file target.tsv (TSV, C-alpha atoms)
chain	number	residue	atom	x	y	z
J	518	MET	CA	51.88	78.44	103.51
J	519	ASP	CA	51.74	82.12	102.55
J	520	GLU	CA	50.12	83.05	105.83
J	521	GLN	CA	52.72	81.09	107.73
J	522	LEU	CA	55.43	82.93	105.92
J	523	ASP	CA	53.79	86.25	106.72
J	524	THR	CA	53.56	85.22	110.34
J	525	ALA	CA	57.21	84.26	110.36
J	526	ILE	CA	58.22	87.58	108.79
J	527	ASP	CA	56.11	89.51	111.28
J	528	GLN	CA	57.56	87.61	114.19
J	529	VAL	CA	61.15	88.07	113.09
J	530	ALA	CA	60.62	91.74	112.29
J	531	ARG	CA	59.02	92.27	115.69
J	532	GLU	CA	61.86	90.51	117.43
J	533	MET	CA	64.37	92.65	115.58
J	534	THR	CA	63.03	95.76	117.28
J	535	ALA	CA	61.75	94.21	120.51
J	536	ALA	CA	64.18	95.78	122.90
J	537	GLU	CA	63.53	97.74	126.01
J	538	PRO	CA	65.11	101.14	126.49
J	539	PRO	CA	67.53	101.57	129.36
J	540	SER	CA	65.75	102.09	132.63
J	541	ALA	CA	67.91	105.08	133.46
J	542	LEU	CA	66.85	106.97	130.33
J	543	ARG	CA	64.51	109.30	132.19
J	544	ALA	CA	67.06	110.09	134.89
J	545	GLU	CA	69.78	110.74	132.33
J	546	ILE	CA	67.57	113.07	130.31
J	547	LEU	CA	66.46	115.01	133.37
J	548	ALA	CA	70.09	115.30	134.45
J	549	ARG	CA	71.02	116.70	131.04
J	550	ILE	CA	68.17	119.18	131.24
J	551	GLU	CA	69.40	120.27	134.64
J	552	ARG	CA	72.94	120.64	133.33
J	553	GLU	CA	71.73	122.76	130.43
J	554	ARG	CA	69.75	124.95	132.78
J	555	THR	CA	72.78	125.37	135.05
J	556	GLY	CA	74.90	126.30	132.06
J	557	ARG	CA	72.40	128.94	131.00
J	558	SER	CA	72.20	130.44	134.45
J	559	ALA	CA	75.99	130.64	134.50
J	560	GLY	CA	75.90	132.98	131.54
J	561	LEU	CA	76.73	130.46	128.85
J	562	LEU	CA	73.90	131.54	126.62
J	563	LEU	CA	76.14	132.31	123.68
J	564	PRO	CA	76.39	129.62	121.03
J	565	ARG	CA	79.58	127.66	120.58
J	566	TRP	CA	80.65	129.55	117.47
J	567	ALA	CA	80.49	132.82	119.39
J	568	TRP	CA	82.76	131.44	122.07
J	569	ALA	CA	85.13	130.05	119.48
J	570	GLY	CA	85.25	133.39	117.69
J	571	GLY	CA	85.97	135.23	120.90
J	572	VAL	CA	88.78	132.87	121.78
J	573	ALA	CA	90.24	133.23	118.27
J	574	VAL	CA	90.20	137.03	118.51
J	575	LEU	CA	91.86	136.83	121.91
J	576	VAL	CA	94.61	134.54	120.64
J	577	VAL	CA	95.30	136.76	117.63
J	578	SER	CA	95.41	139.84	119.85
J	579	VAL	CA	97.90	138.22	122.20
J	580	ALA	CA	100.02	137.07	119.27
J	581	ILE	CA	100.09	140.53	117.69
J	582	THR	CA	100.91	142.16	121.02
J	583	GLY	CA	103.76	139.73	121.57
J	584	TRP	CA	105.10	140.28	118.08
J	585	LEU	CA	105.02	144.05	118.44
J	586	ALA	CA	106.69	143.89	121.83
J	587	ARG	CA	109.47	141.83	120.34
J	588	THR	CA	110.11	143.90	117.22
J	589	VAL	CA	109.55	147.45	118.41
J	590	PRO	CA	111.95	148.58	121.16
J	591	ALA	CA	110.23	149.71	124.26
J	592	PRO	CA	110.89	153.27	125.36
J	593	GLY	CA	112.54	152.04	128.53
J	594	ALA	CA	114.95	149.68	126.81
J	595	GLY	CA	116.00	151.02	123.48
J	596	GLN	CA	117.68	148.72	121.01
J	597	ILE	CA	120.09	149.94	118.42
J	598	ALA	CA	120.98	147.72	115.54
J	599	LYS	CA	124.49	147.42	114.27
J	600	THR	CA	125.02	147.43	110.54
J	601	ASP	CA	126.99	148.96	107.78
J	602	THR	CA	126.26	152.49	106.80
J	603	PRO	CA	126.10	153.94	103.33
J	604	ALA	CA	129.37	155.62	104.17
J	605	ALA	CA	130.98	152.31	104.82
J	606	ILE	CA	129.62	150.95	101.60
J	607	ASN	CA	130.88	153.93	99.69
J	608	ALA	CA	134.30	153.53	101.18
J	609	SER	CA	134.66	150.28	99.25
J	610	PRO	CA	132.70	150.69	96.03
J	611	ALA	CA	133.56	147.22	94.79
J	612	ALA	CA	131.51	145.64	97.47
J	613	SER	CA	127.94	145.62	96.40
J	614	ALA	CA	126.67	143.46	99.20
J	615	PRO	CA	126.75	144.43	102.85
J	616	SER	CA	130.21	143.68	104.09
J	617	THR	CA	131.81	143.26	107.43
J	618	PRO	CA	133.92	146.04	108.84
J	619	ALA	CA	136.97	143.87	108.62
J	620	ALA	CA	136.49	143.33	104.91
J	621	THR	CA	135.81	146.90	104.06
J	622	GLY	CA	138.16	148.53	106.44
J	623	ALA	CA	135.48	150.85	107.56
J	624	SER	CA	134.72	151.35	111.13
J	625	PRO	CA	131.58	149.82	112.49
J	626	VAL	CA	128.80	152.18	113.14
J	627	LEU	CA	125.62	152.20	115.05
J	628	ASP	CA	122.33	152.33	113.30
J	629	THR	CA	118.75	152.36	114.31
J	630	THR	CA	117.73	150.19	111.40
J	631	MET	CA	115.56	147.28	112.41
J	632	ALA	CA	116.84	145.04	109.67
J	633	SER	CA	120.05	144.10	111.36
J	634	ALA	CA	120.18	140.96	113.38
J	635	ARG	CA	122.97	142.12	115.62
J	636	ALA	CA	121.40	144.24	118.23
J	637	VAL	CA	123.06	146.15	120.95
J	638	THR	CA	121.00	146.94	123.95
J	639	LEU	CA	121.52	150.30	125.48
J	640	PRO	CA	121.48	150.44	129.20
J	641	ALA	CA	119.33	153.49	129.33
J	642	ALA	CA	116.26	154.60	127.56
J	643	ARG	CA	116.36	156.95	124.67
J	644	PRO	CA	113.29	158.86	123.54
J	645	ARG	CA	112.00	157.55	120.27
J	646	ALA	CA	111.60	160.98	118.72
J	647	SER	CA	115.21	161.86	119.39
J	648	ARG	CA	116.60	158.93	117.47
J	649	PRO	CA	118.39	160.02	114.30
J	650	ALA	CA	116.55	159.38	111.10
J	651	ALA	CA	119.69	159.05	109.10
J	652	VAL	CA	122.78	156.96	109.74
J	653	PRO	CA	124.91	158.05	112.60
J	654	GLU	CA	128.54	157.19	112.44
J	655	ARG	CA	130.63	156.37	115.39
J	656	ALA	CA	134.27	155.63	115.06
J	657	GLY	CA	136.54	153.99	117.46
J	658	LEU	CA	134.65	150.80	118.25
J	659	PRO	CA	136.69	147.62	118.01
J	660	ASP	CA	135.61	145.18	115.39
J	661	ASP	CA	134.52	142.30	117.58
J	662	ALA	CA	133.65	144.29	120.58
J	663	GLY	CA	130.56	143.14	122.34
J	664	PRO	CA	128.00	145.47	123.66
J	665	PRO	CA	129.81	148.75	124.08
J	666	PRO	CA	129.90	150.07	127.57
J	667	LEU	CA	127.80	153.03	126.80
J	668	ALA	CA	127.02	155.11	129.74
J	669	GLY	CA	123.94	156.68	128.35
J	670	PRO	CA	122.34	158.27	125.36
J	671	ASP	CA	124.98	160.96	125.28
J	672	ALA	CA	127.57	158.45	124.25
J	673	ILE	CA	126.08	158.27	120.79
J	674	ASP	CA	127.58	160.84	118.57
J	675	ILE	CA	124.90	162.11	116.30
J	676	ALA	CA	126.93	164.95	114.93
J	677	PRO	CA	128.55	163.15	111.97
J	678	LEU	CA	125.25	162.88	110.22
J	679	GLY	CA	126.35	165.45	107.72
J	680	PRO	CA	127.50	164.99	104.16
J	681	ALA	CA	131.06	164.25	105.25
J	682	ALA	CA	130.13	160.71	106.05
J	683	ILE	CA	129.14	160.02	102.47
J	684	ALA	CA	132.72	160.37	101.24
J	685	ILE	CA	131.88	161.91	97.91
J	686	PRO	CA	135.50	162.37	96.81
J	687	ALA	CA	135.87	158.62	96.54
J	688	LEU	CA	133.38	158.50	93.73
J	689	GLY	CA	134.80	158.71	90.28
J	690	VAL	CA	133.19	160.97	87.73
J	691	THR	CA	133.42	160.03	84.11
J	692	ALA	CA	132.99	162.55	81.43
J	693	LEU	CA	129.96	161.95	79.33
J	694	GLY	CA	131.56	162.19	75.99
J	695	ASN	CA	130.35	159.52	73.61
J	696	ILE	CA	126.75	159.25	74.21
J	697	GLU	CA	124.67	158.13	71.33
J	698	PRO	CA	121.98	160.52	70.44
J	699	LEU	CA	118.61	159.34	71.44
J	700	THR	CA	116.30	158.47	68.65
J	701	VAL	CA	112.91	159.59	69.61
J	702	PRO	CA	110.18	158.03	67.54
J	703	THR	CA	107.42	160.13	66.34
J	704	ILE	CA	104.63	160.07	68.79
J	705	GLY	CA	101.21	160.44	67.45
J	706	PRO	CA	98.57	162.59	68.98
J	707	GLY	CA	96.71	159.55	70.25
J	708	SER	CA	99.65	158.01	72.04
J	709	PRO	CA	98.67	156.99	75.55
J	710	GLU	CA	102.12	157.65	77.00
J	711	PRO	CA	103.57	160.70	75.30
J	712	GLN	CA	106.20	161.24	77.99
J	713	ARG	CA	107.42	157.71	78.24
J	714	ARG	CA	110.90	158.32	76.91
J	715	ASP	CA	111.33	161.28	79.19
J	716	ARG	CA	110.61	159.18	82.22
J	717	GLU	CA	113.15	156.64	81.24
U	1343	MET	CA	48.85	116.95	142.18
U	1344	SER	CA	49.62	113.63	140.48
U	1345	ILE	CA	50.50	113.64	136.82
U	1346	GLN	CA	49.86	110.00	136.17
U	1347	GLY	CA	46.52	110.51	134.47
U	1348	VAL	CA	47.33	113.76	132.75
U	1349	SER	CA	47.12	113.90	128.97
U	1350	ASP	CA	50.12	114.55	126.74
U	1351	PRO	CA	49.07	118.12	125.81
U	1352	GLU	CA	48.73	119.02	129.47
U	1353	LEU	CA	52.13	117.51	130.26
U	1354	VAL	CA	53.63	119.43	127.36
U	1355	GLU	CA	52.14	122.63	128.68
U	1356	ARG	CA	53.55	121.98	132.13
U	1357	ALA	CA	56.94	121.09	130.71
U	1358	ARG	CA	56.95	124.37	128.80
U	1359	ARG	CA	56.49	126.18	132.07
U	1360	GLY	CA	59.57	124.44	133.48
U	1361	ASP	CA	58.00	121.40	135.11
U	1362	ASP	CA	60.71	118.78	134.66
U	1363	ALA	CA	58.60	116.08	136.25
U	1364	ALA	CA	56.00	116.56	133.53
U	1365	PHE	CA	58.62	116.10	130.85
U	1366	GLY	CA	59.94	113.08	132.73
U	1367	MET	CA	56.46	111.60	132.53
U	1368	LEU	CA	56.43	112.18	128.78
U	1369	VAL	CA	59.76	110.41	128.55
U	1370	ASP	CA	58.40	107.45	130.48
U	1371	ARG	CA	55.31	107.24	128.31
U	1372	HIS	CA	57.05	107.26	124.97
U	1373	ARG	CA	60.55	105.98	125.59
U	1374	THR	CA	59.77	102.46	124.37
U	1375	ALA	CA	58.23	103.67	121.13
U	1376	VAL	CA	61.11	106.07	120.57
U	1377	PHE	CA	63.74	103.48	121.39
U	1378	ARG	CA	62.26	100.84	119.10
U	1379	ALA	CA	61.95	103.27	116.22
U	1380	ILE	CA	65.60	104.16	116.64
U	1381	LEU	CA	66.46	100.48	116.82
U	1382	ALA	CA	64.57	99.86	113.59
U	1383	ALA	CA	66.59	102.57	111.90
U	1384	LEU	CA	69.99	101.64	113.31
U	1385	GLY	CA	69.63	97.86	113.47
U	1386	THR	CA	71.73	97.72	116.60
U	1387	ARG	CA	71.58	98.81	120.20
U	1388	GLU	CA	74.96	100.41	119.81
U	1389	GLY	CA	74.31	104.11	119.73
U	1390	ALA	CA	70.56	103.71	120.21
U	1391	ASP	CA	70.70	104.91	123.82
U	1392	GLU	CA	72.62	107.99	122.82
U	1393	VAL	CA	70.29	108.76	119.93
U	1394	ALA	CA	67.26	108.32	122.19
U	1395	GLN	CA	68.69	110.83	124.63
U	1396	GLU	CA	69.42	113.23	121.80
U	1397	ALA	CA	65.89	112.88	120.51
U	1398	PHE	CA	64.31	113.64	123.86
U	1399	MET	CA	66.66	116.56	124.44
U	1400	ALA	CA	65.81	117.96	121.02
U	1401	ALA	CA	62.13	117.60	121.80
U	1402	TYR	CA	62.62	119.38	125.10
U	1403	ARG	CA	64.43	122.27	123.46
U	1404	HIS	CA	61.77	122.58	120.79
U	1405	LEU	CA	58.75	122.27	123.02
U	1406	PRO	CA	57.77	125.88	122.25
U	1407	ASP	CA	57.54	124.92	118.58
U	1408	PHE	CA	55.14	122.05	119.20
U	1409	ARG	CA	51.62	122.73	118.03
U	1410	GLU	CA	48.81	121.20	120.02
U	1411	HIS	CA	46.80	120.13	117.01
U	1412	ALA	CA	49.39	117.44	116.30
U	1413	SER	CA	49.97	114.31	118.35
U	1414	PHE	CA	52.91	114.66	120.70
U	1415	LYS	CA	53.88	111.05	120.07
U	1416	THR	CA	53.95	111.56	116.30
U	1417	TRP	CA	55.94	114.76	116.71
U	1418	LEU	CA	58.39	113.08	119.06
U	1419	LEU	CA	58.75	110.04	116.81
U	1420	SER	CA	59.51	112.20	113.80
U	1421	ILE	CA	62.28	113.91	115.79
U	1422	ALA	CA	63.65	110.56	116.92
U	1423	TRP	CA	63.51	109.19	113.41
U	1424	ARG	CA	65.45	112.14	112.01
U	1425	LYS	CA	68.05	111.76	114.72
U	1426	ALA	CA	68.35	108.05	114.00
U	1427	LEU	CA	68.72	108.63	110.26
U	1428	SER	CA	71.35	111.25	110.91
U	1429	HIS	CA	73.23	108.77	113.07
U	1430	ARG	CA	72.82	106.03	110.48
U	1431	ARG	CA	74.34	108.27	107.83
U	1432	SER	CA	77.17	109.48	110.01
U	1433	VAL	CA	80.71	108.69	109.04
U	1434	ARG	CA	81.35	106.81	112.24
U	1435	THR	CA	78.44	104.46	111.67
U	1436	PHE	CA	79.44	103.96	108.06
U	1437	VAL	CA	82.96	103.02	109.06
U	1438	SER	CA	81.80	100.61	111.76
U	1439	ARG	CA	79.45	98.93	109.30
U	1440	PHE	CA	82.26	98.71	106.80
U	1441	VAL	CA	84.43	96.94	109.34
U	1442	GLN	CA	81.61	94.67	110.51
U	1443	PRO	CA	78.88	93.94	107.95
U	1444	PRO	CA	75.50	94.52	109.61
U	1445	GLU	CA	73.88	91.26	108.70
U	1446	GLU	CA	76.54	89.36	110.58
U	1447	THR	CA	76.45	91.36	113.78
U	1448	GLU	CA	73.07	92.97	114.20
U	1449	TRP	CA	69.54	92.04	115.03
U	1450	GLN	CA	70.55	88.90	116.91
U	1451	ILE	CA	67.44	87.07	117.92
U	1452	PRO	CA	67.39	84.88	121.01
U	1453	GLY	CA	66.38	81.26	120.53
U	1454	GLY	CA	62.98	79.98	121.55
U	1455	GLY	CA	62.09	77.42	124.17
U	1456	ARG	CA	61.20	74.50	121.93
U	1457	SER	CA	62.86	71.16	121.36
U	1458	GLN	CA	66.45	71.18	120.24
U	1459	GLU	CA	65.70	70.08	116.66
U	1460	GLN	CA	62.81	72.47	116.34
U	1461	ALA	CA	64.86	75.26	117.81
U	1462	VAL	CA	67.62	74.61	115.29
U	1463	LEU	CA	65.15	74.72	112.41
U	1464	ASP	CA	63.47	77.82	113.76
U	1465	THR	CA	66.76	79.50	114.34
U	1466	GLU	CA	67.87	78.68	110.81
U	1467	LEU	CA	64.69	80.10	109.30
U	1468	LYS	CA	64.78	83.16	111.53
U	1469	ASP	CA	68.37	83.80	110.66
U	1470	THR	CA	67.53	83.56	106.99
U	1471	ILE	CA	64.59	85.93	107.33
U	1472	ARG	CA	66.69	88.29	109.40
U	1473	ARG	CA	69.46	88.33	106.81
U	1474	GLN	CA	66.98	88.91	104.01
U	1475	ILE	CA	65.32	91.75	105.91
U	1476	ALA	CA	68.73	93.31	106.46
U	1477	ARG	CA	69.37	93.11	102.72
U	1478	LEU	CA	66.21	94.99	101.81
U	1479	THR	CA	66.59	98.56	100.70
U	1480	PRO	CA	66.40	100.97	103.63
U	1481	LYS	CA	63.03	102.34	102.53
U	1482	LEU	CA	61.41	98.91	102.41
U	1483	ARG	CA	63.17	97.68	105.55
U	1484	ASP	CA	62.17	100.73	107.59
U	1485	ALA	CA	58.55	100.43	106.56
U	1486	LEU	CA	58.44	96.71	107.30
U	1487	LEU	CA	60.14	96.89	110.69
U	1488	LEU	CA	58.10	99.82	111.91
U	1489	SER	CA	54.82	98.30	110.83
U	1490	ALA	CA	55.65	94.88	112.21
U	1491	SER	CA	56.75	96.19	115.58
U	1492	GLY	CA	53.15	96.84	116.57
U	1493	ASP	CA	54.07	100.01	118.43
U	1494	TYR	CA	52.88	102.46	115.80
U	1495	SER	CA	49.84	103.09	113.68
U	1496	TYR	CA	50.16	103.57	109.95
U	1497	ASP	CA	49.52	107.28	110.44
U	1498	GLU	CA	52.37	107.54	112.93
U	1499	ILE	CA	54.76	105.65	110.67
U	1500	ALA	CA	53.78	107.76	107.70
U	1501	GLY	CA	54.40	110.85	109.80
U	1502	MET	CA	57.81	109.57	110.80
U	1503	LEU	CA	58.83	108.69	107.28
U	1504	THR	CA	57.09	111.79	105.88
U	1505	ILE	CA	55.34	109.77	103.21
U	1506	PRO	CA	51.65	109.19	102.46
U	1507	VAL	CA	49.96	106.23	104.09
U	1508	GLY	CA	49.38	104.68	100.69
U	1509	THR	CA	53.08	104.77	99.93
U	1510	LEU	CA	53.80	103.23	103.29
U	1511	LYS	CA	51.40	100.35	102.67
U	1512	TRP	CA	52.92	99.73	99.27
U	1513	ARG	CA	56.40	99.60	100.77
U	1514	VAL	CA	55.33	97.11	103.43
U	1515	SER	CA	53.65	94.94	100.81
U	1516	GLU	CA	56.65	95.15	98.50
U	1517	ALA	CA	59.01	94.26	101.34
U	1518	ARG	CA	56.98	91.15	102.10
U	1519	ARG	CA	56.83	90.16	98.45
U	1520	GLN	CA	60.58	90.45	98.03
U	1521	LEU	CA	61.21	88.54	101.24
U	1522	LYS	CA	58.94	85.66	100.24
U	1523	ARG	CA	60.58	85.40	96.84
U	1524	ARG	CA	64.05	85.37	98.34
U	1525	LEU	CA	63.05	82.82	100.97
U	1526	ALA	CA	61.60	80.57	98.29
U	1527	ASP	CA	64.82	80.94	96.32
U	1528	SER	CA	66.84	79.96	99.36
U	1529	GLY	CA	64.86	76.73	99.67
U	1530	LEU	CA	63.77	77.22	103.25
U	1531	GLY	CA	60.15	76.16	103.65
U	1532	ILE	CA	57.78	76.91	106.43
U	1533	ARG	CA	56.49	73.33	106.39
U	1534	ASP	CA	59.98	71.93	106.91
U	1535	SER	CA	60.74	74.11	109.85
U	1536	GLY	CA	57.38	73.87	111.50
U	1537	PHE	CA	57.64	77.57	112.18
U	1538	GLY	CA	54.70	79.03	114.01
U	1539	ARG	CA	53.44	75.74	115.41
U	1540	GLY	CA	53.44	74.93	119.06

call {"tool": "encode", "arguments": {"input": "target.tsv", "output": "structure tokens"}}
result
Amino acid sequence: MDEQLDTAIDQVAREMTAAEPPSALRAEILARIERERTGRSAGLLLPRWAWAGGVAVLVVSVAITGWLARTVPAPGAGQIAKTDTPAAINASPAASAPSTPAATGASPVLDTTMASARAVTLPAARPRASRPAAVPERAGLPDDAGPPPLAGPDAIDIAPLGPAAIAIPALGVTALGNIEPLTVPTIGPGSPEPQRRDRE
Amino acid sequence: MSIQGVSDPELVERARRGDDAAFGMLVDRHRTAVFRAILAALGTREGADEVAQEAFMAAYRHLPDFREHASFKTWLLSIAWRKALSHRRSVRTFVSRFVQPPEETEWQIPGGGRSQEQAVLDTELKDTIRRQIARLTPKLRDALLLSASGDYSYDEIAGMLTIPVGTLKWRVSEARRQLKRRLADSGLGIRDSGFGRG
């Protein structure tokens, strides 16, 4: 009985693994070896992670190049942003936020600031070094005028960059009469910030 | 020069030098043993072909690492066994087993050529044994199937499973003991089925 059971177990276990491999196994393996060898001879010796890393670096480089090309004006096609100037803001002191020229009554000006979304493309190139660092003011542009028909870089008036554009007379000056005297606490010799009040 | 009668170490040496025909001969010599070991681990033909290819390719790539003092068959079987275990533990295999329980779909055994009544009884007993083998723990089942296949020596199986021969023998014995107890509990008797006669 026990031997018969052992025989039955052996037979079933043997049948469970009694399968023949596919006849094409050798051919498929040799074909894969040949493909690997061809891949190596074609210069594909680098591992997959190296290829993936190279592709990733390439994609990032292309993305950065595209982003820079979009945000920084090319020397051949300068872009000048249109925004409010500090002068315009000072002309209407009540307005704390950037306001439109119509609301403030100030004339629109040209600016080289990159923050503005309204860009005006100049037809001609302007050297980057010659762009004004401060805010140039240009009067006479209509409020809703589209891209101004500027003939060239000379059309931009850089001269009004001086203090006149700040409109200082519009600022009110209040006399400092009733200022409470500052109470300065005694600062010990070990105080880490002895000049704190002065900085404030 | 023919390579039919060349020993495994000589074929390995030729394959290392780029002789694909020599490696092809090694594949022919050991493909059945490799395939059946993979089948014992997976329990199904599905994926066994792919794992067998992977095993031979891994062996080919690591031929320089093979040391001649070991048996090429044992070395190859250990590679195949690791590949099969890796496949068995893969997520894809786990999911497919979850969808289709293995004991219902795998290790289907063809019927014998006896009388209809005898064939029914045999089939019933075989199915019961097959189900009980499938329910063994993997360690016991692997040891039993590999030893019962007749394709491997105890040393080769122990090398595959990376266990001592004594441990292997204990596992085979324990697998048989558990199977007999479960078969007795199921009420299927050898005498009733006439299994093994005729």

call {"tool": "interface_residues", "arguments": {"input": "target.tsv", "of": "chain J", "to": "chain U", "cutoff": "12 Å", "atoms": "only C-alpha atoms", "output": "PyMOL selection string"}}
result
chain J and resi 518-554

call {"tool": "write_last_selection", "arguments": {"input": "target.tsv", "atoms": "C-alpha atoms", "output": "mmCIF file, in the frame of the given file"}}
result
data_model
loop_
_atom_site.group_PDB
_atom_site.id
_atom_site.type_symbol
_atom_site.label_atom_id
_atom_site.label_comp_id
_atom_site.auth_asym_id
_atom_site.auth_seq_id
_atom_site.Cartn_x
_atom_site.Cartn_y
_atom_site.Cartn_z
ATOM 1 C CA MET J 518 51.880 78.440 103.510
ATOM 2 C CA ASP J 519 51.740 82.120 102.550
ATOM 3 C CA GLU J 520 50.120 83.050 105.830
ATOM 4 C CA GLN J 521 52.720 81.090 107.730
ATOM 5 C CA LEU J 522 55.430 82.930 105.920
ATOM 6 C CA ASP J 523 53.790 86.250 106.720
ATOM 7 C CA THR J 524 53.560 85.220 110.340
ATOM 8 C CA ALA J 525 57.210 84.260 110.360
ATOM 9 C CA ILE J 526 58.220 87.580 108.790
ATOM 10 C CA ASP J 527 56.110 89.510 111.280
ATOM 11 C CA GLN J 528 57.560 87.610 114.190
ATOM 12 C CA VAL J 529 61.150 88.070 113.090
ATOM 13 C CA ALA J 530 60.620 91.740 112.290
ATOM 14 C CA ARG J 531 59.020 92.270 115.690
ATOM 15 C CA GLU J 532 61.860 90.510 117.430
ATOM 16 C CA MET J 533 64.370 92.650 115.580
ATOM 17 C CA THR J 534 63.030 95.760 117.280
ATOM 18 C CA ALA J 535 61.750 94.210 120.510
ATOM 19 C CA ALA J 536 64.180 95.780 122.900
ATOM 20 C CA GLU J 537 63.530 97.740 126.010
ATOM 21 C CA PRO J 538 65.110 101.140 126.490
ATOM 22 C CA PRO J 539 67.530 101.570 129.360
ATOM 23 C CA SER J 540 65.750 102.090 132.630
ATOM 24 C CA ALA J 541 67.910 105.080 133.460
ATOM 25 C CA LEU J 542 66.850 106.970 130.330
ATOM 26 C CA ARG J 543 64.510 109.300 132.190
ATOM 27 C CA ALA J 544 67.060 110.090 134.890
ATOM 28 C CA GLU J 545 69.780 110.740 132.330
ATOM 29 C CA ILE J 546 67.570 113.070 130.310
ATOM 30 C CA LEU J 547 66.460 115.010 133.370
ATOM 31 C CA ALA J 548 70.090 115.300 134.450
ATOM 32 C CA ARG J 549 71.020 116.700 131.040
ATOM 33 C CA ILE J 550 68.170 119.180 131.240
ATOM 34 C CA GLU J 551 69.400 120.270 134.640
ATOM 35 C CA ARG J 552 72.940 120.640 133.330
ATOM 36 C CA GLU J 553 71.730 122.760 130.430
ATOM 37 C CA ARG J 554 69.750 124.950 132.780
#

call {"tool": "residues_around", "arguments": {"input": "target.tsv", "residues": "U:His1411", "least_positions_apart": "6", "cutoff": "12 Å", "atoms": "all atoms listed in the file", "output": "list in words"}}
result
Asp1350, Pro1351 and Trp1417 of chain U

call {"tool": "atom_distance", "arguments": {"input": "target.tsv", "atom1": "atom CA of U:Lys1415", "atom2": "atom CA of U:Tyr1494"}}
result
9.6 Å

call {"tool": "atom_distance", "arguments": {"input": "target.tsv", "atom1": "atom CA of U:Lys1481", "atom2": "atom CA of U:Thr1416"}}
result
18.9 Å

call {"tool": "closest_residue", "arguments": {"input": "target.tsv", "among": "U:Gly1529, U:Gly1347, U:Gly1501, U:Pro1480", "to": "U:Ser1413", "atoms": "all atoms listed in the file"}}
result
U:Gly1501

call {"tool": "decode", "arguments": {"input": "target.tsv", "residues": "stretch 1479-1492 of chain U", "atoms": "C-alpha atoms", "output": "PDB file, in the first residue's frame"}}
result
ATOM      1  CA  THR U1479       5.061  24.557   0.613  1.00  0.00           C
ATOM      2  CA  PRO U1480       7.373  25.678  -2.188  1.00  0.00           C
ATOM      3  CA  LYS U1481      10.443  24.231  -0.491  1.00  0.00           C
ATOM      4  CA  LEU U1482       8.930  20.769  -0.153  1.00  0.00           C
ATOM      5  CA  ARG U1483       7.272  20.878  -3.578  1.00  0.00           C
ATOM      6  CA  ASP U1484      10.476  21.936  -5.355  1.00  0.00           C
ATOM      7  CA  ALA U1485      12.474  19.183  -3.713  1.00  0.00           C
ATOM      8  CA  LEU U1486       9.864  16.544  -4.502  1.00  0.00           C
ATOM      9  CA  LEU U1487       9.337  17.517  -8.125  1.00  0.00           C
ATOM     10  CA  LEU U1488      13.017  17.820  -8.907  1.00  0.00           C
ATOM     11  CA  SER U1489      13.883  14.519  -7.299  1.00  0.00           C
ATOM     12  CA  ALA U1490      10.963  12.696  -8.879  1.00  0.00           C
ATOM     13  CA  SER U1491      11.670  13.982 -12.359  1.00  0.00           C
ATOM     14  CA  GLY U1492      14.632  11.643 -12.695  1.00  0.00           C
TER      15      GLY U1492
END
